[in-house]
Structure formats: C-alpha cells, structure tokens
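A.B. asks: upload.cif is the file, holding mmCIF, C-alpha atoms:
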data_structure
#
loop_
_atom_site.label_atom_id
_atom_site.label_comp_id
_atom_site.auth_asym_id
_atom_site.auth_seq_id
_atom_site.Cartn_x
_atom_site.Cartn_y
_atom_site.Cartn_z
CA MET Q 1306 -2.65 -19.79 26.01
CA GLY Q 1307 0.07 -20.78 23.55
CA GLU Q 1308 3.75 -21.15 24.24
CA ASP Q 1309 5.54 -19.78 27.27
CA PRO Q 1310 6.55 -16.20 26.50
CA SER Q 1311 9.67 -16.40 28.73
CA ALA Q 1312 11.19 -19.22 26.70
CA LEU Q 1313 10.28 -17.57 23.41
CA LEU Q 1314 11.73 -14.28 24.57
CA ALA Q 1315 14.99 -15.94 25.63
CA ALA Q 1316 15.26 -17.74 22.31
CA ALA Q 1317 14.54 -14.55 20.37
CA ALA Q 1318 17.13 -12.65 22.41
CA ALA Q 1319 19.63 -15.36 21.43
CA GLY Q 1320 18.83 -14.66 17.78
CA ASP Q 1321 16.14 -17.24 17.01
CA SER Q 1322 13.84 -15.59 14.49
CA SER Q 1323 11.33 -18.44 14.55
CA ALA Q 1324 10.78 -17.81 18.27
CA TRP Q 1325 10.26 -14.16 17.43
CA ASN Q 1326 7.70 -15.07 14.77
CA ILE Q 1327 5.75 -17.17 17.26
CA LEU Q 1328 5.62 -14.19 19.63
CA VAL Q 1329 4.36 -12.03 16.77
CA ASP Q 1330 1.66 -14.55 15.84
CA GLN Q 1331 0.63 -14.97 19.45
CA TYR Q 1332 0.33 -11.30 20.45
CA THR Q 1333 -0.25 -9.14 17.37
CA GLY Q 1334 -3.99 -9.82 17.59
CA LEU Q 1335 -4.01 -8.53 21.17
CA LEU Q 1336 -2.02 -5.42 20.26
CA TRP Q 1337 -4.22 -4.73 17.26
CA SER Q 1338 -7.39 -5.06 19.32
CA ILE Q 1339 -6.06 -2.59 21.90
CA ALA Q 1340 -5.31 0.00 19.21
CA ARG Q 1341 -8.66 -0.57 17.49
CA GLY Q 1342 -10.43 -0.22 20.83
CA TYR Q 1343 -9.28 3.41 20.74
CA ARG Q 1344 -10.97 3.68 17.34
CA MET Q 1345 -7.68 4.59 15.75
CA SER Q 1346 -7.39 4.47 11.98
CA THR Q 1347 -5.81 1.46 10.31
CA ALA Q 1348 -2.64 3.48 9.63
CA ASP Q 1349 -2.31 4.75 13.21
CA SER Q 1350 -3.12 1.33 14.64
CA ALA Q 1351 -0.45 -0.20 12.41
CA ASP Q 1352 2.07 2.41 13.62
CA ALA Q 1353 1.26 1.78 17.28
CA VAL Q 1354 1.59 -2.00 16.87
CA GLN Q 1355 4.79 -1.70 14.86
CA THR Q 1356 6.39 0.70 17.34
CA THR Q 1357 5.55 -1.75 20.11
CA TRP Q 1358 7.32 -4.62 18.35
CA LEU Q 1359 10.29 -2.40 17.55
CA ARG Q 1360 10.48 -1.40 21.20
CA LEU Q 1361 10.50 -5.05 22.19
CA VAL Q 1362 13.37 -5.64 19.76
CA GLU Q 1363 15.28 -2.83 21.49
CA HIS Q 1364 14.56 -4.34 24.89
CA LEU Q 1365 14.98 -8.05 24.12
CA ASP Q 1366 17.82 -8.31 26.63
CA ARG Q 1367 16.27 -6.17 29.30
CA ILE Q 1368 12.68 -7.23 29.93
CA GLU Q 1369 12.71 -7.45 33.71
CA ASP Q 1370 10.09 -10.14 34.13
CA PRO Q 1371 9.80 -12.21 30.93
CA SER Q 1372 6.76 -14.08 32.24
CA ARG Q 1373 4.91 -10.77 32.13
CA LEU Q 1374 5.82 -10.07 28.52
CA PRO Q 1375 2.18 -9.96 27.34
CA GLY Q 1376 1.40 -7.31 29.95
CA TRP Q 1377 4.51 -5.37 28.93
CA LEU Q 1378 3.38 -5.47 25.30
CA ALA Q 1379 -0.16 -4.40 26.21
CA THR Q 1380 1.11 -1.48 28.31
CA THR Q 1381 3.53 -0.42 25.60
CA VAL Q 1382 0.93 -0.36 22.84
CA ARG Q 1383 -1.52 1.52 25.05
CA ARG Q 1384 1.11 4.22 25.60
CA GLU Q 1385 1.83 4.35 21.88
CA CYS Q 1386 -1.87 4.81 21.21
CA LEU Q 1387 -2.01 7.69 23.69
CA ARG Q 1388 0.99 9.29 21.99
CA LEU Q 1389 -0.66 9.05 18.61
CA LEU Q 1390 -4.05 10.24 19.84
CA ARG Q 1391 -2.62 13.24 21.64
CA ARG Q 1392 -0.38 14.05 18.72
CA GLY Q 1393 -3.46 14.24 16.53
CA LYS Q 1394 -5.63 16.04 19.06
CA ARG Q 1395 -5.50 19.39 17.29
CA GLU Q 1396 -7.50 17.98 14.41
CA GLN Q 1397 -9.91 16.22 16.76
CA PRO Q 1398 -11.27 18.87 19.10
CA ALA Q 1399 -13.91 16.79 20.87
CA PHE Q 1400 -12.76 14.90 23.95
CA ASP Q 1401 -14.65 12.41 26.02
CA ASP Q 1402 -14.33 11.89 29.75
CA ASP Q 1403 -11.10 9.92 29.36
CA GLY Q 1404 -9.46 13.07 28.05
CA LEU Q 1405 -9.03 11.36 24.73
CA PRO Q 1406 -10.35 12.50 21.39
CA ASP Q 1407 -13.79 11.14 20.69
CA VAL Q 1408 -12.97 10.04 17.18
CA VAL Q 1409 -15.91 9.51 14.93
CA ASP Q 1410 -15.23 6.30 13.10
CA ASP Q 1411 -17.92 4.84 10.90
CA ALA Q 1412 -15.79 1.87 9.84
CA PRO Q 1413 -17.76 -0.59 12.01
CA ALA Q 1414 -20.99 0.33 10.25
CA LEU Q 1415 -19.38 -0.17 6.85
CA ASP Q 1416 -17.67 -3.40 7.89
CA ALA Q 1417 -20.93 -4.72 9.27
CA ALA Q 1418 -22.24 -4.97 5.72
CA LEU Q 1419 -19.66 -7.72 5.14
CA LEU Q 1420 -21.19 -9.94 7.76
CA ASP Q 1421 -23.67 -12.54 6.59
CA SER Q 1422 -25.63 -12.80 9.78
CA GLU Q 1423 -27.83 -9.83 10.59
CA ARG Q 1424 -27.34 -10.37 14.25
CA ASP Q 1425 -23.55 -10.31 13.83
CA ALA Q 1426 -23.89 -7.08 11.87
CA ALA Q 1427 -26.10 -5.57 14.57
CA LEU Q 1428 -23.63 -6.58 17.26
CA TRP Q 1429 -20.71 -5.07 15.37
CA ARG Q 1430 -22.60 -1.82 14.73
CA ALA Q 1431 -23.56 -1.74 18.40
CA MET Q 1432 -19.86 -1.76 19.30
CA SER Q 1433 -19.45 1.70 17.82
CA GLN Q 1434 -22.27 3.03 20.01
CA MET Q 1435 -20.82 1.70 23.21
CA PRO Q 1436 -19.31 4.01 25.82
CA GLU Q 1437 -15.54 4.39 25.43
CA ARG Q 1438 -14.52 2.16 28.30
CA CYS Q 1439 -16.88 -0.68 27.40
CA ARG Q 1440 -15.87 -0.58 23.78
CA ARG Q 1441 -12.19 -0.77 24.60
CA LEU Q 1442 -12.75 -3.64 27.04
CA LEU Q 1443 -14.90 -5.68 24.68
CA ARG Q 1444 -12.63 -5.06 21.71
CA VAL Q 1445 -9.66 -6.43 23.70
CA LEU Q 1446 -11.69 -9.42 24.91
CA MET Q 1447 -12.50 -10.11 21.25
CA ALA Q 1448 -8.80 -10.50 20.36
CA SER Q 1449 -7.52 -13.72 18.78
CA PRO Q 1450 -6.09 -15.70 20.44
CA PRO Q 1451 -8.16 -14.88 23.58
CA PRO Q 1452 -6.11 -12.76 25.99
CA ALA Q 1453 -5.61 -13.60 29.65
CA TYR Q 1454 -7.21 -11.21 32.14
CA ALA Q 1455 -3.74 -10.04 33.22
CA GLU Q 1456 -3.16 -8.83 29.66
CA VAL Q 1457 -6.58 -7.21 29.51
CA ALA Q 1458 -5.86 -5.45 32.81
CA ALA Q 1459 -2.59 -4.09 31.42
CA ALA Q 1460 -4.26 -3.07 28.17
CA LEU Q 1461 -6.94 -1.03 29.93
CA GLU Q 1462 -5.02 -0.02 33.05
CA MET Q 1463 -7.77 -1.43 35.21
CA PRO Q 1464 -7.63 -3.74 38.25
CA ILE Q 1465 -7.85 -7.38 37.26
CA GLY Q 1466 -10.73 -7.93 39.72
CA SER Q 1467 -12.97 -5.42 38.00
CA ILE Q 1468 -12.71 -7.01 34.55
CA GLY Q 1469 -15.33 -9.71 35.19
CA PRO Q 1470 -18.06 -7.41 36.53
CA THR Q 1471 -17.32 -4.73 33.92
CA ARG Q 1472 -17.44 -7.33 31.15
CA GLN Q 1473 -20.84 -8.49 32.33
CA ARG Q 1474 -22.22 -4.95 32.46
CA CYS Q 1475 -20.77 -4.06 29.04
CA LEU Q 1476 -22.11 -7.20 27.36
CA GLU Q 1477 -25.55 -6.45 28.73
CA ARG Q 1478 -25.36 -2.98 27.28
CA LEU Q 1479 -24.17 -4.36 23.95
CA ARG Q 1480 -27.14 -6.75 23.81
CA ASP Q 1481 -29.52 -3.87 24.53
CA ILE Q 1482 -28.06 -1.68 21.78
CA ALA Q 1483 -28.03 -4.54 19.27
CA GLU Q 1484 -31.63 -5.42 20.06
CA ALA Q 1485 -32.72 -1.84 19.57
CA ASP Q 1486 -31.04 -1.85 16.15
CA GLY Q 1487 -33.83 -1.10 13.68
CA THR Q 1488 -32.26 -3.17 10.94
CA LEU Q 1489 -32.50 -6.34 12.97
CA VAL Q 1490 -35.55 -7.97 11.41
CA ASP Q 1491 -35.15 -11.59 12.47
CA PRO Q 1492 -38.30 -11.95 14.63
CA ALA Q 1493 -36.90 -14.79 16.72
CA ALA Q 1494 -33.87 -12.77 17.71
CA GLY Q 1495 -35.61 -9.40 17.78
CA GLU Q 1496 -38.72 -10.19 19.82
CA GLY Q 1497 -37.46 -12.96 22.06
CA GLY Q 1498 -35.46 -10.74 24.35
CA GLY Q 1499 -37.61 -7.62 24.09
CA ARG Q 1500 -37.90 -6.55 27.68
CA MET B 531 -30.87 -12.66 22.35
CA ASN B 532 -30.53 -12.49 26.11
CA ASP B 533 -30.35 -16.23 26.53
CA ASP B 534 -26.74 -16.32 25.35
CA SER B 535 -24.19 -16.76 28.06
CA ASP B 536 -21.53 -14.09 28.25
CA ASP B 537 -18.82 -16.53 27.19
CA THR B 538 -20.80 -17.53 24.12
CA LEU B 539 -21.33 -13.91 23.20
CA ILE B 540 -17.61 -13.11 23.58
CA ARG B 541 -16.78 -16.05 21.32
CA ARG B 542 -19.28 -14.80 18.80
CA LEU B 543 -17.81 -11.31 18.96
CA ARG B 544 -14.32 -12.78 18.47
CA GLY B 545 -15.57 -14.53 15.36
CA ILE B 546 -16.94 -11.22 14.09
CA SER B 547 -13.74 -9.29 14.70
CA ASP B 548 -11.71 -12.09 13.10
CA GLN B 549 -13.86 -11.59 10.05
CA VAL B 550 -14.10 -7.81 9.76
CA ASP B 551 -11.18 -6.37 11.73
CA PRO B 552 -8.23 -8.79 12.01
CA PRO B 553 -4.68 -7.42 12.13
CA PRO B 554 -3.79 -6.73 8.47
CA ALA B 555 -1.21 -9.02 6.88
CA THR B 556 1.10 -6.03 6.40
CA VAL B 557 1.09 -5.43 10.16
CA LEU B 558 2.08 -9.05 10.82
CA GLU B 559 4.80 -8.89 8.16
CA ALA B 560 6.20 -5.66 9.57
CA ALA B 561 6.19 -7.16 13.07
CA ARG B 562 8.19 -10.17 11.86
CA ALA B 563 10.59 -7.89 10.00
CA ALA B 564 11.12 -5.79 13.14
CA PHE B 565 13.39 -8.55 14.42
CA LEU B 566 15.82 -7.81 11.59
CA MET B 567 16.15 -4.21 12.79
CA ARG B 568 17.94 -5.32 15.93
CA ARG B 569 21.24 -3.61 16.59
CA ILE B 570 23.18 -5.55 19.18
CA ASP B 571 26.36 -3.55 18.55
CA ALA B 572 24.81 -0.19 19.42
CA GLU B 573 24.07 1.37 22.78
CA LEU B 574 20.39 2.30 23.18
CA ALA B 575 19.49 5.92 23.86
CA GLU B 576 16.11 5.44 25.51
CA LEU B 577 13.18 7.75 25.04
CA VAL B 578 13.05 9.32 28.51
CA LEU B 579 10.62 12.12 27.82
CA ASP B 580 7.90 12.69 25.26
CA SER B 581 5.83 15.81 25.75
CA ALA B 582 2.96 14.09 23.93
CA VAL B 583 2.49 11.76 26.89
CA ASP B 584 4.61 13.07 29.75
CA ALA B 585 3.57 16.71 29.80
CA GLY B 586 -0.13 16.03 30.33
CA PRO B 587 -2.97 16.60 27.92
CA VAL B 588 -2.60 20.38 27.55
CA ALA B 589 0.96 20.73 26.28
CA VAL B 590 0.05 22.98 23.40
CA ARG B 591 -2.09 26.07 23.63
CA ALA B 592 -4.98 26.30 21.27
CA GLY B 593 -4.45 28.95 18.62
CA GLU B 594 -0.77 28.30 18.07
CA MET B 595 0.13 27.72 14.47
CA ASP B 596 1.94 24.42 14.93
CA ALA B 597 1.92 21.66 17.49
CA VAL B 598 5.37 21.27 19.02
CA ARG B 599 6.44 18.02 20.60
CA MET B 600 9.63 17.55 22.61
CA LEU B 601 11.46 14.22 22.72
CA SER B 602 14.47 13.39 24.91
CA PHE B 603 16.66 10.35 24.39
CA GLU B 604 19.44 9.33 26.76
CA SER B 605 22.13 6.68 26.86
CA GLY B 606 24.97 6.53 29.37
CA THR B 607 27.07 8.94 27.31
CA VAL B 608 24.82 10.63 24.78
CA SER B 609 21.74 12.77 25.04
CA VAL B 610 19.53 13.88 22.17
CA GLU B 611 16.78 16.48 22.43
CA VAL B 612 14.44 16.69 19.49
CA GLN B 613 11.78 19.28 18.83
CA VAL B 614 9.13 18.00 16.43
CA THR B 615 7.01 20.55 14.60
CA ASP B 616 4.03 19.61 12.51
CA VAL B 617 3.94 21.56 9.26
CA ASP B 618 1.13 20.67 6.88
CA GLY B 619 1.07 17.00 7.86
CA ALA B 620 4.83 16.47 7.60
CA ARG B 621 7.15 16.68 10.59
CA SER B 622 10.16 18.86 10.89
CA LEU B 623 12.86 17.91 13.41
CA LEU B 624 15.28 20.21 15.23
CA GLY B 625 17.82 18.33 17.31
CA LEU B 626 20.43 19.10 19.93
CA VAL B 627 23.01 16.43 20.68
CA SER B 628 25.55 16.19 23.43
CA GLY B 629 28.21 13.53 23.83
CA ALA B 630 28.31 12.64 20.15
CA SER B 631 29.73 14.06 16.96
CA GLY B 632 29.74 13.42 13.22
CA PRO B 633 26.74 12.68 11.06
CA VAL B 634 23.29 11.77 12.39
CA GLU B 635 21.55 9.03 10.47
CA MET B 636 17.76 8.99 10.45
CA GLU B 637 16.19 5.60 9.82
CA THR B 638 12.57 5.16 8.82
CA MET B 639 10.72 2.16 7.46
CA ALA B 640 11.33 3.64 4.01
CA GLY B 641 15.09 4.04 4.29
CA ARG B 642 17.94 6.08 5.74
CA SER B 643 19.27 9.59 5.37
CA PHE B 644 22.16 11.56 6.86
CA VAL B 645 22.45 15.04 8.27
CA GLN B 646 25.50 16.74 9.80
CA LEU B 647 25.73 18.14 13.30
CA ASP B 648 26.84 21.77 13.41
CA SER B 649 29.57 22.98 15.77
CA LEU B 650 27.01 23.37 18.58
CA GLY B 651 25.69 19.83 18.16
CA ARG B 652 22.51 20.86 16.38
CA PHE B 653 20.82 19.29 13.39
CA SER B 654 17.62 19.78 11.46
CA ILE B 655 15.61 17.47 9.23
CA ALA B 656 12.64 18.74 7.22
CA ALA B 657 9.60 16.99 5.78
CA VAL B 658 9.73 13.70 7.68
CA PRO B 659 6.68 11.65 6.67
CA PRO B 660 4.47 10.29 9.49
CA GLY B 661 5.66 6.90 10.69
CA THR B 662 8.31 5.30 12.84
CA VAL B 663 11.75 6.85 13.12
CA ARG B 664 15.02 6.36 14.98
CA LEU B 665 18.40 8.08 14.92
CA HIS B 666 21.90 6.63 14.80
CA LEU B 667 24.84 8.57 16.18
CA THR B 668 28.44 7.98 17.19
CA ALA B 669 29.37 8.80 20.79
CA ASP B 670 32.53 10.82 21.41
CA ASP B 671 34.25 7.61 22.59
CA GLY B 672 33.38 5.90 19.28
CA THR B 673 30.45 3.78 20.53
CA PRO B 674 27.57 3.55 18.09
CA VAL B 675 24.38 4.84 19.72
CA THR B 676 20.85 4.26 18.49
CA THR B 677 17.76 6.00 19.84
CA SER B 678 14.51 4.22 20.61
CA TRP B 679 12.04 4.08 17.77
CA VAL B 680 9.37 6.71 18.01
CA SER B 681 6.29 7.23 15.89
CA LEU B 682 5.90 10.75 14.60
#
Write out the structure in this file as structure tokens.

C.D. replies:
Amino acid sequence: MGEDPSALLAAAAAGDSSAWNILVDQYTGLLWSIARGYRMSTADSADAVQTTWLRLVEHLDRIEDPSRLPGWLATTVRRECLRLLRRGKREQPAFDDDGLPDVVDDAPALDAALLDSERDAALWRAMSQMPERCRRLLRVLMASPPPAYAEVAAALEMPIGSIGPTRQRCLERLRDIAEADGTLVDPAAGEGGGR
Amino acid sequence: MNDDSDDTLIRRLRGISDQVDPPPATVLEAARAAFLMRRIDAELAELVLDSAVDAGPVAVRAGEMDAVRMLSFESGTVSVEVQVTDVDGARSLLGLVSGASGPVEMETMAGRSFVQLDSLGRFSIAAVPPGTVRLHLTADDGTPVTTSWVSL
C-alpha cells in the first residue's frame, strides 16, 4: 500500500517537501476518483482535490491520528465535493435519491472512443448508466494505486463491512449493462454470458 | 463476460480509468505546490460553518435572484463572517471581521489583492473568480491570522 502515511506526514510537517510529494503521488488518484465518482466536471474535481491538499497543509501539525490520514483525506474531499455540488445546485435542478444533483455527464461515452478494446469501451460506458451509489463505489475502487477498504469506507461514508457485498452486486450490474451494450459486437464476449 | 472474477474485473476497470480518466498533470502539480503555501507563522482561522454543507440541502429558496452562502471562520482571537453572493458566475464577498484590524488580503491561486476594513470591521470584494480562496488578516494583538482555504 505504499509508504507509511504517519512517517510521511511527520516528515512533511517538519518541512520535507519530498515526503509531501510522495503523499501527493500516493493519494491524488484516490481523491480524484472520489470527485469523479460524483460526476463532477474536470474543473470542479480539480478544485475539490486542490482544496483537500490545501486543507492538509493547514492541518499538517494537527492531524489527530496520522495513521488514518488516507481516511481523513477521503472524508475531506467528499465534503468538498458536496460543497461544490450544492453550490451549483441552482443550475442543476434534478436531484437523485442522495439529495445530490443528478448531473448529466456524457464524458464517459466520449472517452470510451479512446479505448482500443470494445469491451473496455462498453464497460466504461456502462459506468455512466450505473446507479449513483454503485458508480461512486466502483469509481473509487478503480483508483490507482488501489485504495484500502478503510479509505473506500471513508470516501463513501459506508460501513467497511458492506463494501465487499456491495462491490459484488455493483460489478454484476456493470457486467449486465456492458453485455446489453448494442455496440459490443465481439461474439465471444457478447454471446458467452448471455443469460 | 461473466467468467471474470470480481478482482480481475476491478483490475481491468482500473486499467481503463488509468487510460481515460487519470488525475490531470495540472492537478498533481498544484497538489505538490500546495506545500509551498504553508504559513507556519500565522494562526489558522478555521472554517467552522459553511451554509453550503452545514445548513442542509434547502438553504436557498427557489426563485431568489442569487444564491447566498454564509461562511464563518474562527481562530482563538479573530472571527470572520463572509456572505458569498453569486452574480453571473462570479462571486461577490461581503465580510464582517471582529478581533482584527487593518487591510484584509485575499489570496487565490492567481495572486493576491488587498481591501480595507471599514470602521465597523466590514469589507467587500467584487468579482471573485471561481476557485480556491483564503484571507489574511492581522489580529488586534498583532498576530497574523489566515483563514482556511475555501472553494467558491
């Protein structure tokens, strides 16, 4: 899971910028995936991630439990996302059952064209058709480097014990949506699991 | 495609997101640069209230002309209340400060600007572009005070 966040945090608090840079490399992917799971624009996602890092800079000396830094970061970026989403709610009248704007974002469909493999493209398109909670969970699980379940739990504000079962259910749904994707023409992939 | 194990599928999805939706290089650069924004000499005025998250989802009535957001920052000696109004995509700030005097410096990623506090401790800043902002003030006892960063 990379280097120990407590030691890196202590070194950064003492002024070591290389320790800070390791933290950034280790956790920016997680923070980005949390923001993107909310289907926020690139600009808003960048703001949420940047505000999170700035807030950590402010709190370098006062993180109560440094071993839980990744969870602190995940919680902080989730709150920043909520701020940004609610700020923009007047332009986005539709809300889903999370009370959050149901932003229509066709970026996944466009990005999918960049993928060589048709199945990859179908999977990525399927992500945008997933229910809110599944999409957010899977997007966080897709982060690089792979997040620990404790971080995922903090990112989604869900009990750690429910991540495994929810993941299984969401992946099943994702497979179903991808299989039903009309553009998926590879017969081996398309027919094999058609039940 | 059902014969994939879940772990294999997650790895595959990670490969896809690495390819089409990784954190942009600018985001990584800004995150590294954030370390240089550290102010160890200044006291932090923490964001203690933000109506956008603390007042529940229905803070603003539909039909009002502008969305108004209230922010409160507090340090041991200084408090700053800021009312943020959205006017045509830019933000306008109205502030009320207690425990500090002199100029208020607004810092954004783009640079810094100063406004003066009036005799009642009020200030106003117009046309703040969307993005991350913090304020620097001087407490009445001379301590430099910096607010938390907040994205507007």

A.B. asks: So how far away is atom CA of Q:Pro1371 from atom CA of Q:Asp1330, in Å?

C.D. replies: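 One can read the atom CA of Q:Asp1330 to atom CA of Q:Pro1371 distance as 17.3 Å.
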
A.B. asks: Quick one: pull the distance between atom CA of B:Val598 and atom CA of B:Gln613, Å, one decimal.

C.D. replies: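 Going from atom CA of B:Val598 over to atom CA of B:Gln613, I get 6.7 Å.
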
A.B. asks: Once the PyMOL selection byres ((chain B) within 6 of (chain Q)) has been evaluated on this model, what residues remain selected, and can you format them as an mmCIF file with C-alpha atoms, in the coordinates of the input?

C.D. replies:
data_model
loop_
_atom_site.group_PDB
_atom_site.id
_atom_site.type_symbol
_atom_site.label_atom_id
_atom_site.label_comp_id
_atom_site.auth_asym_id
_atom_site.auth_seq_id
_atom_site.Cartn_x
_atom_site.Cartn_y
_atom_site.Cartn_z
ATOM 1 C CA MET B 531 -30.870 -12.660 22.350
ATOM 2 C CA ASN B 532 -30.530 -12.490 26.110
ATOM 3 C CA LEU B 543 -17.810 -11.310 18.960
ATOM 4 C CA ARG B 544 -14.320 -12.780 18.470
ATOM 5 C CA VAL B 550 -14.100 -7.810 9.760
ATOM 6 C CA PRO B 553 -4.680 -7.420 12.130
ATOM 7 C CA VAL B 557 1.090 -5.430 10.160
ATOM 8 C CA ALA B 561 6.190 -7.160 13.070
ATOM 9 C CA ARG B 562 8.190 -10.170 11.860
ATOM 10 C CA ALA B 564 11.120 -5.790 13.140
ATOM 11 C CA ARG B 568 17.940 -5.320 15.930
ATOM 12 C CA ALA B 582 2.960 14.090 23.930
ATOM 13 C CA VAL B 583 2.490 11.760 26.890
#

A.B. asks: For stretch 1342-1351 of chain Q, what centre and edge lengths in Å (one decimal) does the axis-aligned box get once 4 Å is added on each side of all its listed atoms, as JSON?

C.D. replies:
{"center_x": -5.7, "center_y": 2.3, "center_z": 15.2, "size_x": 18.5, "size_y": 13.0, "size_z": 19.2}

A.B. asks: So how many Å separate atom CA of Q:Val1457 and atom CA of Q:Leu1442, to one decimal?

C.D. replies: 7.5 Å

A.B. asks: Would you list the contacts of B:Leu665 as a list in words, taking every protein, DNA or RNA residue within 6 Å and counting only C-alpha atoms, but skipping same-chain residues closer than 5 positions in sequence?

C.D. replies: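 My reading of the contact set: Glu635, Met636, Thr676 and Thr677 of chain B.
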
A.B. asks: Only C-alpha atoms, please: the residues just picked out, written as a PDB file, in the frame of the given file.

C.D. replies:
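Wrote it out as part.pdb, contents follow:
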ATOM      1  CA  GLU B 635      21.550   9.030  10.470  1.00  0.00           C
ATOM      2  CA  MET B 636      17.760   8.990  10.450  1.00  0.00           C
ATOM      3  CA  THR B 676      20.850   4.260  18.490  1.00  0.00           C
ATOM      4  CA  THR B 677      17.760   6.000  19.840  1.00  0.00           C
TER       5      THR B 677
END

A.B. asks: For Q:Ala1340, which residue out of Q:Arg1438, Q:Arg1430, Q:Arg1474, Q:Arg1383 is the nearest one, using only C-alpha atoms?

C.D. replies: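 Going through Q:Arg1438, Q:Arg1430, Q:Arg1474, Q:Arg1383 one by one, the smallest distance to Q:Ala1340 is for Q:Arg1383.
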
A.B. asks: Tell me which residues the PyMOL selection byres ((chain B and resi 658) around 6) grabs here, as a VMD selection string.

C.D. replies: chain B and resid 620 to 621 656 to 657 659

A.B. asks: For B:Ser678, work out the shell of residues within 7 Å, counting all atoms listed in the file and skipping chain neighbours fewer than 5 positions away, then give it as a PyMOL selection string.

C.D. replies: (chain Q and resi 1360) or (chain B and resi 574-577+664)

A.B. asks: What residues come out when you apply the PyMOL selection byres ((chain B and resi 600) around 10) to this file, written as a list in words?

C.D. replies: Leu579, Asp580, Ser581, Ala582, Asp584, Ala585, Ala589, Val598, Arg599, Leu601, Ser602, Glu611, Val612, Gln613, Val614, Thr615, Leu623, Leu624 and Gly625 of chain B

A.B. asks: Kindly provide, as a list in words, the polymer residues lying within 10 Å of (21.4, 19.5, 10.5), counting only C-alpha atoms and using the coordinates exactly as they appear in the file.

C.D. replies: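 The distance filter leaves exactly Leu623, Leu624, Gly625, Leu626, Pro633, Val634, Phe644, Val645, Gln646, Leu647, Asp648, Gly651, Arg652, Phe653, Ser654, Ile655 and Ala656 of chain B.
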
A.B. asks: Considering all atoms listed in the file, can you say which of B:Gly632, B:Val578, B:Ala560, B:Pro660 comes closest to B:Val617?

C.D. replies: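 With all atoms listed in the file as the atom set, the closest residue is B:Pro660.
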